[in-house]
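K.L.:
Pasting query34.txt below, which is compact mmCIF, N, CA and C atoms.
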```
# COMPACT_ATOMS: atom_id res chain seq x y z
N MET G 1048 65.18 -94.59 122.70
CA MET G 1048 66.22 -93.68 122.28
C MET G 1048 65.67 -92.79 121.16
N GLY G 1049 65.86 -91.48 121.28
CA GLY G 1049 65.31 -90.53 120.32
C GLY G 1049 66.23 -90.31 119.14
N LYS G 1050 66.02 -89.21 118.50
CA LYS G 1050 66.82 -88.86 117.34
C LYS G 1050 68.23 -88.47 117.79
N PRO G 1051 69.21 -88.61 116.91
CA PRO G 1051 70.56 -88.18 117.27
C PRO G 1051 70.61 -86.65 117.39
N ASP G 1052 71.47 -86.15 118.27
CA ASP G 1052 71.55 -84.72 118.51
C ASP G 1052 72.50 -84.08 117.47
N THR G 1053 71.92 -83.53 116.43
CA THR G 1053 72.72 -82.92 115.36
C THR G 1053 72.51 -81.42 115.29
N ARG G 1054 71.92 -80.85 116.33
CA ARG G 1054 71.63 -79.41 116.29
C ARG G 1054 72.88 -78.56 116.12
N ARG G 1055 73.96 -78.93 116.82
CA ARG G 1055 75.19 -78.15 116.72
C ARG G 1055 75.77 -78.22 115.32
N MET G 1056 75.74 -79.42 114.72
CA MET G 1056 76.23 -79.59 113.34
C MET G 1056 75.36 -78.81 112.36
N ASP G 1057 74.05 -78.89 112.55
CA ASP G 1057 73.13 -78.17 111.66
C ASP G 1057 73.38 -76.67 111.72
N ARG G 1058 73.60 -76.17 112.93
CA ARG G 1058 73.86 -74.74 113.10
C ARG G 1058 75.17 -74.34 112.43
N ALA G 1059 76.20 -75.17 112.57
CA ALA G 1059 77.49 -74.88 111.93
C ALA G 1059 77.35 -74.91 110.40
N ILE G 1060 76.59 -75.87 109.88
CA ILE G 1060 76.38 -75.95 108.43
C ILE G 1060 75.64 -74.71 107.93
N ARG G 1061 74.61 -74.29 108.67
CA ARG G 1061 73.88 -73.07 108.27
C ARG G 1061 74.80 -71.84 108.28
N GLN G 1062 75.65 -71.75 109.29
CA GLN G 1062 76.56 -70.62 109.40
C GLN G 1062 77.55 -70.58 108.24
N VAL G 1063 78.10 -71.74 107.88
CA VAL G 1063 79.05 -71.78 106.76
C VAL G 1063 78.33 -71.52 105.44
N ASN G 1064 77.09 -71.98 105.30
CA ASN G 1064 76.31 -71.66 104.10
C ASN G 1064 76.10 -70.15 103.98
N ARG G 1065 75.83 -69.50 105.12
CA ARG G 1065 75.67 -68.04 105.12
C ARG G 1065 76.96 -67.35 104.70
N LYS G 1066 78.08 -67.86 105.20
CA LYS G 1066 79.38 -67.30 104.82
C LYS G 1066 79.63 -67.48 103.32
N LEU G 1067 79.27 -68.65 102.79
CA LEU G 1067 79.46 -68.91 101.36
C LEU G 1067 78.64 -67.95 100.52
N GLU G 1068 77.39 -67.72 100.92
CA GLU G 1068 76.56 -66.75 100.19
C GLU G 1068 77.17 -65.36 100.23
N ALA G 1069 77.73 -64.99 101.38
CA ALA G 1069 78.36 -63.67 101.51
C ALA G 1069 79.58 -63.57 100.60
N VAL G 1070 80.37 -64.63 100.52
CA VAL G 1070 81.55 -64.61 99.65
C VAL G 1070 81.11 -64.52 98.19
N GLN G 1071 80.05 -65.22 97.83
CA GLN G 1071 79.56 -65.15 96.46
C GLN G 1071 79.02 -63.76 96.13
N ASN G 1072 78.57 -63.02 97.16
CA ASN G 1072 78.14 -61.63 96.97
C ASN G 1072 79.29 -60.64 97.14
N ARG G 1073 80.50 -61.17 97.28
CA ARG G 1073 81.73 -60.38 97.40
C ARG G 1073 81.75 -59.50 98.66
N GLU G 1074 81.25 -60.04 99.78
CA GLU G 1074 81.34 -59.36 101.06
C GLU G 1074 82.63 -59.79 101.74
N MET G 1075 83.27 -58.89 102.48
CA MET G 1075 84.59 -59.16 103.04
C MET G 1075 84.55 -59.88 104.39
N TRP G 1076 83.45 -59.81 105.14
CA TRP G 1076 83.46 -60.30 106.51
C TRP G 1076 83.76 -61.78 106.67
N PRO G 1077 83.39 -62.68 105.75
CA PRO G 1077 83.69 -64.09 106.03
C PRO G 1077 85.10 -64.52 105.64
N LEU G 1078 85.89 -63.62 105.05
CA LEU G 1078 87.24 -64.00 104.62
C LEU G 1078 88.16 -64.12 105.81
N ASP G 1079 89.15 -65.04 105.71
CA ASP G 1079 90.16 -65.10 106.75
C ASP G 1079 91.25 -64.06 106.42
N GLY G 1080 92.23 -63.93 107.28
CA GLY G 1080 93.23 -62.87 107.14
C GLY G 1080 94.02 -62.94 105.85
N ARG G 1081 94.44 -64.12 105.47
CA ARG G 1081 95.22 -64.28 104.24
C ARG G 1081 94.41 -63.87 103.02
N GLU G 1082 93.17 -64.30 102.98
CA GLU G 1082 92.30 -63.96 101.83
C GLU G 1082 91.99 -62.47 101.81
N ARG G 1083 91.77 -61.89 102.99
CA ARG G 1083 91.51 -60.46 103.08
C ARG G 1083 92.69 -59.64 102.57
N ARG G 1084 93.89 -60.06 102.97
CA ARG G 1084 95.10 -59.35 102.51
C ARG G 1084 95.27 -59.47 101.00
N ALA G 1085 94.98 -60.65 100.45
CA ALA G 1085 95.12 -60.85 99.00
C ALA G 1085 94.14 -59.96 98.23
N VAL G 1086 92.91 -59.87 98.71
CA VAL G 1086 91.91 -59.02 98.04
C VAL G 1086 92.33 -57.55 98.14
N ALA G 1087 92.76 -57.14 99.33
CA ALA G 1087 93.16 -55.74 99.52
C ALA G 1087 94.38 -55.40 98.65
N ALA G 1088 95.34 -56.32 98.58
CA ALA G 1088 96.53 -56.08 97.75
C ALA G 1088 96.16 -55.99 96.28
N GLY G 1089 95.25 -56.85 95.84
CA GLY G 1089 94.81 -56.81 94.44
C GLY G 1089 94.10 -55.51 94.11
N ILE G 1090 93.25 -55.07 95.03
CA ILE G 1090 92.53 -53.82 94.80
C ILE G 1090 93.49 -52.63 94.81
N ALA G 1091 94.42 -52.63 95.77
CA ALA G 1091 95.39 -51.53 95.83
C ALA G 1091 96.27 -51.50 94.58
N GLY G 1092 96.75 -52.65 94.17
CA GLY G 1092 97.58 -52.71 92.97
C GLY G 1092 96.81 -52.31 91.73
N GLY G 1093 95.56 -52.72 91.64
CA GLY G 1093 94.74 -52.36 90.49
C GLY G 1093 94.44 -50.88 90.44
N SER G 1094 94.16 -50.29 91.61
CA SER G 1094 93.86 -48.85 91.62
C SER G 1094 95.10 -48.04 91.26
N TYR G 1095 96.27 -48.49 91.70
CA TYR G 1095 97.52 -47.81 91.33
C TYR G 1095 97.71 -47.86 89.82
N ARG G 1096 97.46 -49.01 89.23
CA ARG G 1096 97.63 -49.16 87.79
C ARG G 1096 96.61 -48.32 87.02
N VAL G 1097 95.40 -48.20 87.57
CA VAL G 1097 94.39 -47.37 86.91
C VAL G 1097 94.84 -45.91 86.88
N VAL G 1098 95.39 -45.44 88.00
CA VAL G 1098 95.87 -44.06 88.07
C VAL G 1098 96.99 -43.83 87.05
N ARG G 1099 97.80 -44.86 86.82
CA ARG G 1099 98.91 -44.75 85.86
C ARG G 1099 98.49 -45.06 84.43
N HIS G 1100 97.19 -45.30 84.21
CA HIS G 1100 96.65 -45.62 82.89
C HIS G 1100 97.30 -46.87 82.29
N LYS G 1101 97.40 -47.90 83.12
CA LYS G 1101 97.97 -49.17 82.66
C LYS G 1101 96.96 -50.29 82.85
N SER G 1102 97.29 -51.44 82.34
CA SER G 1102 96.40 -52.59 82.39
C SER G 1102 96.27 -53.13 83.82
N THR G 1103 95.05 -53.55 84.18
CA THR G 1103 94.80 -54.08 85.54
C THR G 1103 94.54 -55.58 85.51
N ASP G 1104 94.94 -56.24 84.44
CA ASP G 1104 94.64 -57.68 84.30
C ASP G 1104 95.18 -58.51 85.46
N ARG G 1105 96.42 -58.29 85.81
CA ARG G 1105 97.04 -59.11 86.86
C ARG G 1105 96.35 -58.87 88.20
N ALA G 1106 96.05 -57.63 88.52
CA ALA G 1106 95.39 -57.32 89.78
C ALA G 1106 93.99 -57.94 89.82
N GLU G 1107 93.27 -57.88 88.70
CA GLU G 1107 91.93 -58.49 88.66
C GLU G 1107 92.01 -59.99 88.84
N ARG G 1108 93.01 -60.62 88.22
CA ARG G 1108 93.19 -62.07 88.39
C ARG G 1108 93.50 -62.41 89.83
N LYS G 1109 94.32 -61.58 90.48
CA LYS G 1109 94.69 -61.82 91.87
C LYS G 1109 93.46 -61.76 92.78
N VAL G 1110 92.61 -60.78 92.56
CA VAL G 1110 91.39 -60.64 93.36
C VAL G 1110 90.45 -61.82 93.09
N GLU G 1111 90.26 -62.18 91.84
CA GLU G 1111 89.39 -63.30 91.49
C GLU G 1111 89.90 -64.61 92.08
N THR G 1112 91.21 -64.79 92.07
CA THR G 1112 91.81 -66.00 92.65
C THR G 1112 91.54 -66.05 94.15
N ALA G 1113 91.63 -64.91 94.83
CA ALA G 1113 91.37 -64.87 96.28
C ALA G 1113 89.91 -65.21 96.57
N TRP G 1114 88.98 -64.67 95.79
CA TRP G 1114 87.57 -64.97 96.00
C TRP G 1114 87.28 -66.44 95.73
N SER G 1115 87.84 -66.98 94.67
CA SER G 1115 87.57 -68.39 94.36
C SER G 1115 88.20 -69.32 95.41
N ALA G 1116 89.35 -68.93 95.96
CA ALA G 1116 89.96 -69.72 97.02
C ALA G 1116 89.08 -69.72 98.27
N ALA G 1117 88.48 -68.58 98.57
CA ALA G 1117 87.58 -68.51 99.73
C ALA G 1117 86.35 -69.38 99.50
N GLU G 1118 85.80 -69.34 98.28
CA GLU G 1118 84.64 -70.18 97.97
C GLU G 1118 84.99 -71.66 98.10
N THR G 1119 86.13 -72.04 97.57
CA THR G 1119 86.57 -73.44 97.64
C THR G 1119 86.74 -73.88 99.08
N ARG G 1120 87.33 -73.02 99.90
CA ARG G 1120 87.54 -73.35 101.32
C ARG G 1120 86.20 -73.57 102.02
N LEU G 1121 85.24 -72.69 101.77
CA LEU G 1121 83.94 -72.81 102.43
C LEU G 1121 83.16 -74.02 101.93
N ILE G 1122 83.26 -74.34 100.65
CA ILE G 1122 82.58 -75.52 100.11
C ILE G 1122 83.16 -76.79 100.73
N ALA G 1123 84.48 -76.83 100.88
CA ALA G 1123 85.12 -77.98 101.53
C ALA G 1123 84.70 -78.09 102.99
N GLU G 1124 84.55 -76.96 103.65
CA GLU G 1124 84.12 -76.97 105.06
C GLU G 1124 82.69 -77.49 105.18
N ILE G 1125 81.83 -77.08 104.26
CA ILE G 1125 80.44 -77.57 104.26
C ILE G 1125 80.42 -79.08 104.04
N ALA G 1126 81.24 -79.56 103.11
CA ALA G 1126 81.29 -81.00 102.84
C ALA G 1126 81.76 -81.77 104.06
N ALA G 1127 82.78 -81.24 104.75
CA ALA G 1127 83.29 -81.92 105.94
C ALA G 1127 82.24 -81.94 107.05
N LEU G 1128 81.56 -80.83 107.25
CA LEU G 1128 80.53 -80.78 108.29
C LEU G 1128 79.35 -81.71 107.97
N THR G 1129 78.97 -81.78 106.70
CA THR G 1129 77.89 -82.66 106.29
C THR G 1129 78.27 -84.13 106.50
N THR G 1130 79.51 -84.46 106.16
CA THR G 1130 80.01 -85.83 106.37
C THR G 1130 80.00 -86.18 107.86
N GLU G 1131 80.43 -85.25 108.69
CA GLU G 1131 80.46 -85.49 110.13
C GLU G 1131 79.04 -85.66 110.67
N ARG G 1132 78.10 -84.87 110.18
CA ARG G 1132 76.71 -85.00 110.61
C ARG G 1132 76.16 -86.37 110.22
N GLN G 1133 76.48 -86.82 109.01
CA GLN G 1133 76.02 -88.13 108.57
C GLN G 1133 76.63 -89.24 109.41
N ARG G 1134 77.89 -89.07 109.81
CA ARG G 1134 78.53 -90.07 110.67
C ARG G 1134 77.82 -90.16 112.02
N ILE G 1135 77.43 -89.02 112.56
CA ILE G 1135 76.71 -89.01 113.84
C ILE G 1135 75.37 -89.73 113.70
N VAL G 1136 74.65 -89.46 112.61
CA VAL G 1136 73.35 -90.10 112.38
C VAL G 1136 73.53 -91.61 112.22
N ASN G 1137 74.53 -92.03 111.43
CA ASN G 1137 74.78 -93.46 111.24
C ASN G 1137 75.15 -94.15 112.54
N GLU G 1138 75.96 -93.49 113.35
CA GLU G 1138 76.37 -94.07 114.62
C GLU G 1138 75.17 -94.25 115.55
N ALA G 1139 74.28 -93.27 115.56
CA ALA G 1139 73.07 -93.38 116.39
C ALA G 1139 72.17 -94.50 115.88
N ALA G 1140 72.07 -94.65 114.57
CA ALA G 1140 71.24 -95.73 114.01
C ALA G 1140 71.83 -97.09 114.34
N LYS G 1141 73.15 -97.19 114.28
CA LYS G 1141 73.80 -98.46 114.60
C LYS G 1141 73.59 -98.81 116.07
N THR G 1142 73.70 -97.82 116.94
CA THR G 1142 73.47 -98.05 118.37
C THR G 1142 72.03 -98.48 118.63
N LYS G 1143 71.09 -97.83 117.94
CA LYS G 1143 69.68 -98.17 118.11
C LYS G 1143 69.40 -99.59 117.62
N ALA G 1144 69.98 -99.97 116.47
CA ALA G 1144 69.77 -101.31 115.93
C ALA G 1144 70.37 -102.37 116.86
N ALA G 1145 71.54 -102.08 117.41
CA ALA G 1145 72.17 -103.04 118.32
C ALA G 1145 71.33 -103.20 119.60
N LYS G 1146 70.80 -102.10 120.05
CA LYS G 1146 69.97 -102.16 121.25
C LYS G 1146 68.68 -102.93 120.99
N LYS G 1147 68.10 -102.75 119.81
CA LYS G 1147 66.88 -103.45 119.45
C LYS G 1147 67.12 -104.95 119.27
N SER G 1148 68.23 -105.30 118.64
CA SER G 1148 68.49 -106.72 118.37
C SER G 1148 68.84 -107.49 119.63
N SER G 1149 69.41 -106.82 120.62
CA SER G 1149 69.72 -107.52 121.86
C SER G 1149 68.53 -107.39 122.83
N GLY G 1150 67.37 -107.58 122.29
CA GLY G 1150 66.14 -107.37 123.06
C GLY G 1150 65.80 -108.53 123.97
N TRP G 1151 64.54 -108.88 123.98
CA TRP G 1151 63.97 -109.78 124.96
C TRP G 1151 64.50 -111.19 124.88
N TRP G 1152 64.71 -111.75 123.72
CA TRP G 1152 65.14 -113.13 123.63
C TRP G 1152 66.62 -113.17 123.65
```
Kindly transcribe the structure held in the file into structure tokens.

P.N.:
Amino acid sequence: MGKPDTRRMDRAIRQVNRKLEAVQNREMWPLDGRERRAVAAGIAGGSYRVVRHKSTDRAERKVETAWSAAETRLIAEIAALTTERQRIVNEAAKTKAAKKSSGWW
């Protein structure tokens, strides 16, 4: 019996890591709809306040909260995928050990 097949998990983990890097660079493509709307609303509200020569504190907080929520979501997704990958590896090791112990004698 060979190594456990974790290619699909590894690919998913790499993809989510790429999304996390994009979110940390403030790129919009990895955001889901709710997060995208929150960022757009914060930017629109902030630009309106700038035109009116007023404070943009609340709009900036709203945008920062949306970005940090996206980061948190992606970090949790990476943790879940890593845990699932480890479960697959452990299950394969357990199967291999059981097969070895029920050997010739």

K.L.:
Compile the contact shell of Ile1090 (chain G) as a list in words: residues with an atom at most 6.5 Å away, counting only N, CA and C atoms, same-chain residues fewer than 4 positions apart removed.

P.N.:
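My reading of the contact set: Ala1085, Val1086, Ser1094, Tyr1095, Ala1106 and Val1110 of chain G.
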
K.L.:
Save the residues we just selected, N, CA and C atoms, as a tab-separated table (two decimals), in the frame of the given file?

P.N.:
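The file below, part.tsv, is the result:
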```tsv
chain	number	residue	atom	x	y	z
G	1085	ALA	N	94.98	-60.65	100.45
G	1085	ALA	CA	95.12	-60.85	99.00
G	1085	ALA	C	94.14	-59.96	98.23
G	1086	VAL	N	92.91	-59.87	98.71
G	1086	VAL	CA	91.91	-59.02	98.04
G	1086	VAL	C	92.33	-57.55	98.14
G	1094	SER	N	94.16	-50.29	91.61
G	1094	SER	CA	93.86	-48.85	91.62
G	1094	SER	C	95.10	-48.04	91.26
G	1095	TYR	N	96.27	-48.49	91.70
G	1095	TYR	CA	97.52	-47.81	91.33
G	1095	TYR	C	97.71	-47.86	89.82
G	1106	ALA	N	96.05	-57.63	88.52
G	1106	ALA	CA	95.39	-57.32	89.78
G	1106	ALA	C	93.99	-57.94	89.82
G	1110	VAL	N	92.61	-60.78	92.56
G	1110	VAL	CA	91.39	-60.64	93.36
G	1110	VAL	C	90.45	-61.82	93.09
```

K.L.:
How many Å separate atom C of Arg1054 (chain G) from atom C of Lys1143 (chain G)?

P.N.:
21.4 Å

K.L.:
DSSP on the backbone, then: every residue of chain G marked helix (DSSP H, G or I), written as number ranges by chain.

P.N.:
G: 1054-1071, 1080-1098, 1104-1148

K.L.:
Compare G:Ser1149, G:Glu1082, G:Ala1088, G:Ile1135 by their minimum atom-to-atom distance to Ala1116 (chain G), counting only N, CA and C atoms, and give me the closest one.

P.N.:
G:Glu1082

K.L.:
Which one of G:Ile1122, G:Ala1144, G:Ala1113, G:Val1063 sits closest to Arg1081 (chain G) if you count all atoms listed in the file?

P.N.:
G:Ala1113

K.L.:
In Å, how far is it from CA of Asn1072 (chain G) to CA of Lys1101 (chain G)?

P.N.:
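Value for the CA of Asn1072 (chain G)-CA of Lys1101 (chain G) distance: 27.4 Å.
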
K.L.:
Near Asn1064 (chain G), within 9 Å and counting only C-alpha atoms, which residues show up once chain neighbours fewer than 5 positions away are dropped, as a list in words?

P.N.:
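With the cut-off at 9 Å, the set is Ala1059, Ala1069, Leu1121, Ile1122 and Ile1125 of chain G.
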
K.L.:
Between CA of Met1056 (chain G) and CA of Lys1141 (chain G), measure the distance and give it in Å to one decimal.

P.N.:
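CA of Lys1141 (chain G) lies 19.1 Å from CA of Met1056 (chain G).
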
K.L.:
Kindly reconstruct region 1109-1120 of chain G with all heavy atoms and present the result as a PDB file, in the coordinates of the input.

P.N.:
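Written out: out-v4.pdb:
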```
ATOM      1  N   LYS G1109      94.320 -61.580  90.480  1.00  0.00           N
ATOM      2  CA  LYS G1109      94.690 -61.820  91.870  1.00  0.00           C
ATOM      3  C   LYS G1109      93.460 -61.760  92.780  1.00  0.00           C
ATOM      4  O   LYS G1109      93.269 -62.616  93.651  1.00  0.00           O
ATOM      5  CB  LYS G1109      95.719 -60.782  92.310  1.00  0.00           C
ATOM      6  CG  LYS G1109      96.330 -61.036  93.648  1.00  0.00           C
ATOM      7  CD  LYS G1109      97.449 -60.045  93.914  1.00  0.00           C
ATOM      8  CE  LYS G1109      98.158 -60.366  95.203  1.00  0.00           C
ATOM      9  NZ  LYS G1109      99.249 -59.447  95.471  1.00  0.00           N
ATOM     10  N   VAL G1110      92.610 -60.780  92.560  1.00  0.00           N
ATOM     11  CA  VAL G1110      91.390 -60.640  93.360  1.00  0.00           C
ATOM     12  C   VAL G1110      90.450 -61.820  93.090  1.00  0.00           C
ATOM     13  O   VAL G1110      89.893 -62.410  94.025  1.00  0.00           O
ATOM     14  CB  VAL G1110      90.701 -59.290  93.065  1.00  0.00           C
ATOM     15  CG1 VAL G1110      89.338 -59.224  93.726  1.00  0.00           C
ATOM     16  CG2 VAL G1110      91.565 -58.134  93.539  1.00  0.00           C
ATOM     17  N   GLU G1111      90.260 -62.180  91.840  1.00  0.00           N
ATOM     18  CA  GLU G1111      89.390 -63.300  91.490  1.00  0.00           C
ATOM     19  C   GLU G1111      89.900 -64.610  92.080  1.00  0.00           C
ATOM     20  O   GLU G1111      89.124 -65.444  92.549  1.00  0.00           O
ATOM     21  CB  GLU G1111      89.246 -63.437  89.975  1.00  0.00           C
ATOM     22  CG  GLU G1111      88.182 -62.554  89.386  1.00  0.00           C
ATOM     23  CD  GLU G1111      86.826 -62.736  90.045  1.00  0.00           C
ATOM     24  OE1 GLU G1111      86.357 -63.883  90.195  1.00  0.00           O
ATOM     25  OE2 GLU G1111      86.232 -61.720  90.424  1.00  0.00           O
ATOM     26  N   THR G1112      91.210 -64.790  92.070  1.00  0.00           N
ATOM     27  CA  THR G1112      91.810 -66.000  92.650  1.00  0.00           C
ATOM     28  C   THR G1112      91.540 -66.050  94.150  1.00  0.00           C
ATOM     29  O   THR G1112      91.221 -67.120  94.695  1.00  0.00           O
ATOM     30  CB  THR G1112      93.322 -66.035  92.384  1.00  0.00           C
ATOM     31  OG1 THR G1112      93.536 -65.973  90.982  1.00  0.00           O
ATOM     32  CG2 THR G1112      93.959 -67.282  92.944  1.00  0.00           C
ATOM     33  N   ALA G1113      91.630 -64.910  94.830  1.00  0.00           N
ATOM     34  CA  ALA G1113      91.370 -64.870  96.280  1.00  0.00           C
ATOM     35  C   ALA G1113      89.910 -65.210  96.570  1.00  0.00           C
ATOM     36  O   ALA G1113      89.622 -65.981  97.497  1.00  0.00           O
ATOM     37  CB  ALA G1113      91.720 -63.491  96.832  1.00  0.00           C
ATOM     38  N   TRP G1114      88.980 -64.670  95.790  1.00  0.00           N
ATOM     39  CA  TRP G1114      87.570 -64.970  96.000  1.00  0.00           C
ATOM     40  C   TRP G1114      87.280 -66.440  95.730  1.00  0.00           C
ATOM     41  O   TRP G1114      86.540 -67.079  96.489  1.00  0.00           O
ATOM     42  CB  TRP G1114      86.677 -64.099  95.119  1.00  0.00           C
ATOM     43  CG  TRP G1114      86.576 -62.675  95.580  1.00  0.00           C
ATOM     44  CD1 TRP G1114      87.017 -61.574  94.914  1.00  0.00           C
ATOM     45  CD2 TRP G1114      86.010 -62.189  96.804  1.00  0.00           C
ATOM     46  NE1 TRP G1114      86.760 -60.451  95.642  1.00  0.00           N
ATOM     47  CE2 TRP G1114      86.130 -60.793  96.806  1.00  0.00           C
ATOM     48  CE3 TRP G1114      85.408 -62.806  97.879  1.00  0.00           C
ATOM     49  CZ2 TRP G1114      85.678 -60.007  97.849  1.00  0.00           C
ATOM     50  CZ3 TRP G1114      84.959 -62.013  98.936  1.00  0.00           C
ATOM     51  CH2 TRP G1114      85.093 -60.640  98.913  1.00  0.00           C
ATOM     52  N   SER G1115      87.840 -66.980  94.670  1.00  0.00           N
ATOM     53  CA  SER G1115      87.570 -68.390  94.360  1.00  0.00           C
ATOM     54  C   SER G1115      88.200 -69.320  95.410  1.00  0.00           C
ATOM     55  O   SER G1115      87.635 -70.361  95.733  1.00  0.00           O
ATOM     56  CB  SER G1115      88.031 -68.749  92.959  1.00  0.00           C
ATOM     57  OG  SER G1115      89.423 -68.642  92.863  1.00  0.00           O
ATOM     58  N   ALA G1116      89.350 -68.930  95.960  1.00  0.00           N
ATOM     59  CA  ALA G1116      89.960 -69.720  97.020  1.00  0.00           C
ATOM     60  C   ALA G1116      89.080 -69.720  98.270  1.00  0.00           C
ATOM     61  O   ALA G1116      88.925 -70.756  98.932  1.00  0.00           O
ATOM     62  CB  ALA G1116      91.352 -69.184  97.363  1.00  0.00           C
ATOM     63  N   ALA G1117      88.480 -68.580  98.570  1.00  0.00           N
ATOM     64  CA  ALA G1117      87.580 -68.510  99.730  1.00  0.00           C
ATOM     65  C   ALA G1117      86.350 -69.380  99.500  1.00  0.00           C
ATOM     66  O   ALA G1117      85.910 -70.101 100.408  1.00  0.00           O
ATOM     67  CB  ALA G1117      87.172 -67.059  99.984  1.00  0.00           C
ATOM     68  N   GLU G1118      85.800 -69.340  98.280  1.00  0.00           N
ATOM     69  CA  GLU G1118      84.640 -70.180  97.970  1.00  0.00           C
ATOM     70  C   GLU G1118      84.990 -71.660  98.100  1.00  0.00           C
ATOM     71  O   GLU G1118      84.234 -72.440  98.673  1.00  0.00           O
ATOM     72  CB  GLU G1118      84.141 -69.898  96.550  1.00  0.00           C
ATOM     73  CG  GLU G1118      83.265 -68.689  96.434  1.00  0.00           C
ATOM     74  CD  GLU G1118      82.682 -68.553  95.048  1.00  0.00           C
ATOM     75  OE1 GLU G1118      82.122 -69.545  94.541  1.00  0.00           O
ATOM     76  OE2 GLU G1118      82.780 -67.454  94.480  1.00  0.00           O
ATOM     77  N   THR G1119      86.130 -72.040  97.570  1.00  0.00           N
ATOM     78  CA  THR G1119      86.570 -73.440  97.640  1.00  0.00           C
ATOM     79  C   THR G1119      86.740 -73.880  99.080  1.00  0.00           C
ATOM     80  O   THR G1119      86.317 -74.980  99.458  1.00  0.00           O
ATOM     81  CB  THR G1119      87.889 -73.612  96.870  1.00  0.00           C
ATOM     82  OG1 THR G1119      87.710 -73.147  95.542  1.00  0.00           O
ATOM     83  CG2 THR G1119      88.335 -75.049  96.869  1.00  0.00           C
ATOM     84  N   ARG G1120      87.330 -73.020  99.900  1.00  0.00           N
ATOM     85  CA  ARG G1120      87.540 -73.350 101.320  1.00  0.00           C
ATOM     86  C   ARG G1120      86.200 -73.570 102.020  1.00  0.00           C
ATOM     87  O   ARG G1120      86.019 -74.545 102.764  1.00  0.00           O
ATOM     88  CB  ARG G1120      88.315 -72.233 102.007  1.00  0.00           C
ATOM     89  CG  ARG G1120      88.487 -72.415 103.503  1.00  0.00           C
ATOM     90  CD  ARG G1120      89.238 -71.264 104.143  1.00  0.00           C
ATOM     91  NE  ARG G1120      88.610 -69.979 103.958  1.00  0.00           N
ATOM     92  CZ  ARG G1120      87.648 -69.478 104.740  1.00  0.00           C
ATOM     93  NH1 ARG G1120      87.181 -70.182 105.751  1.00  0.00           N
ATOM     94  NH2 ARG G1120      87.140 -68.288 104.519  1.00  0.00           N
TER      95      ARG G1120
END
```
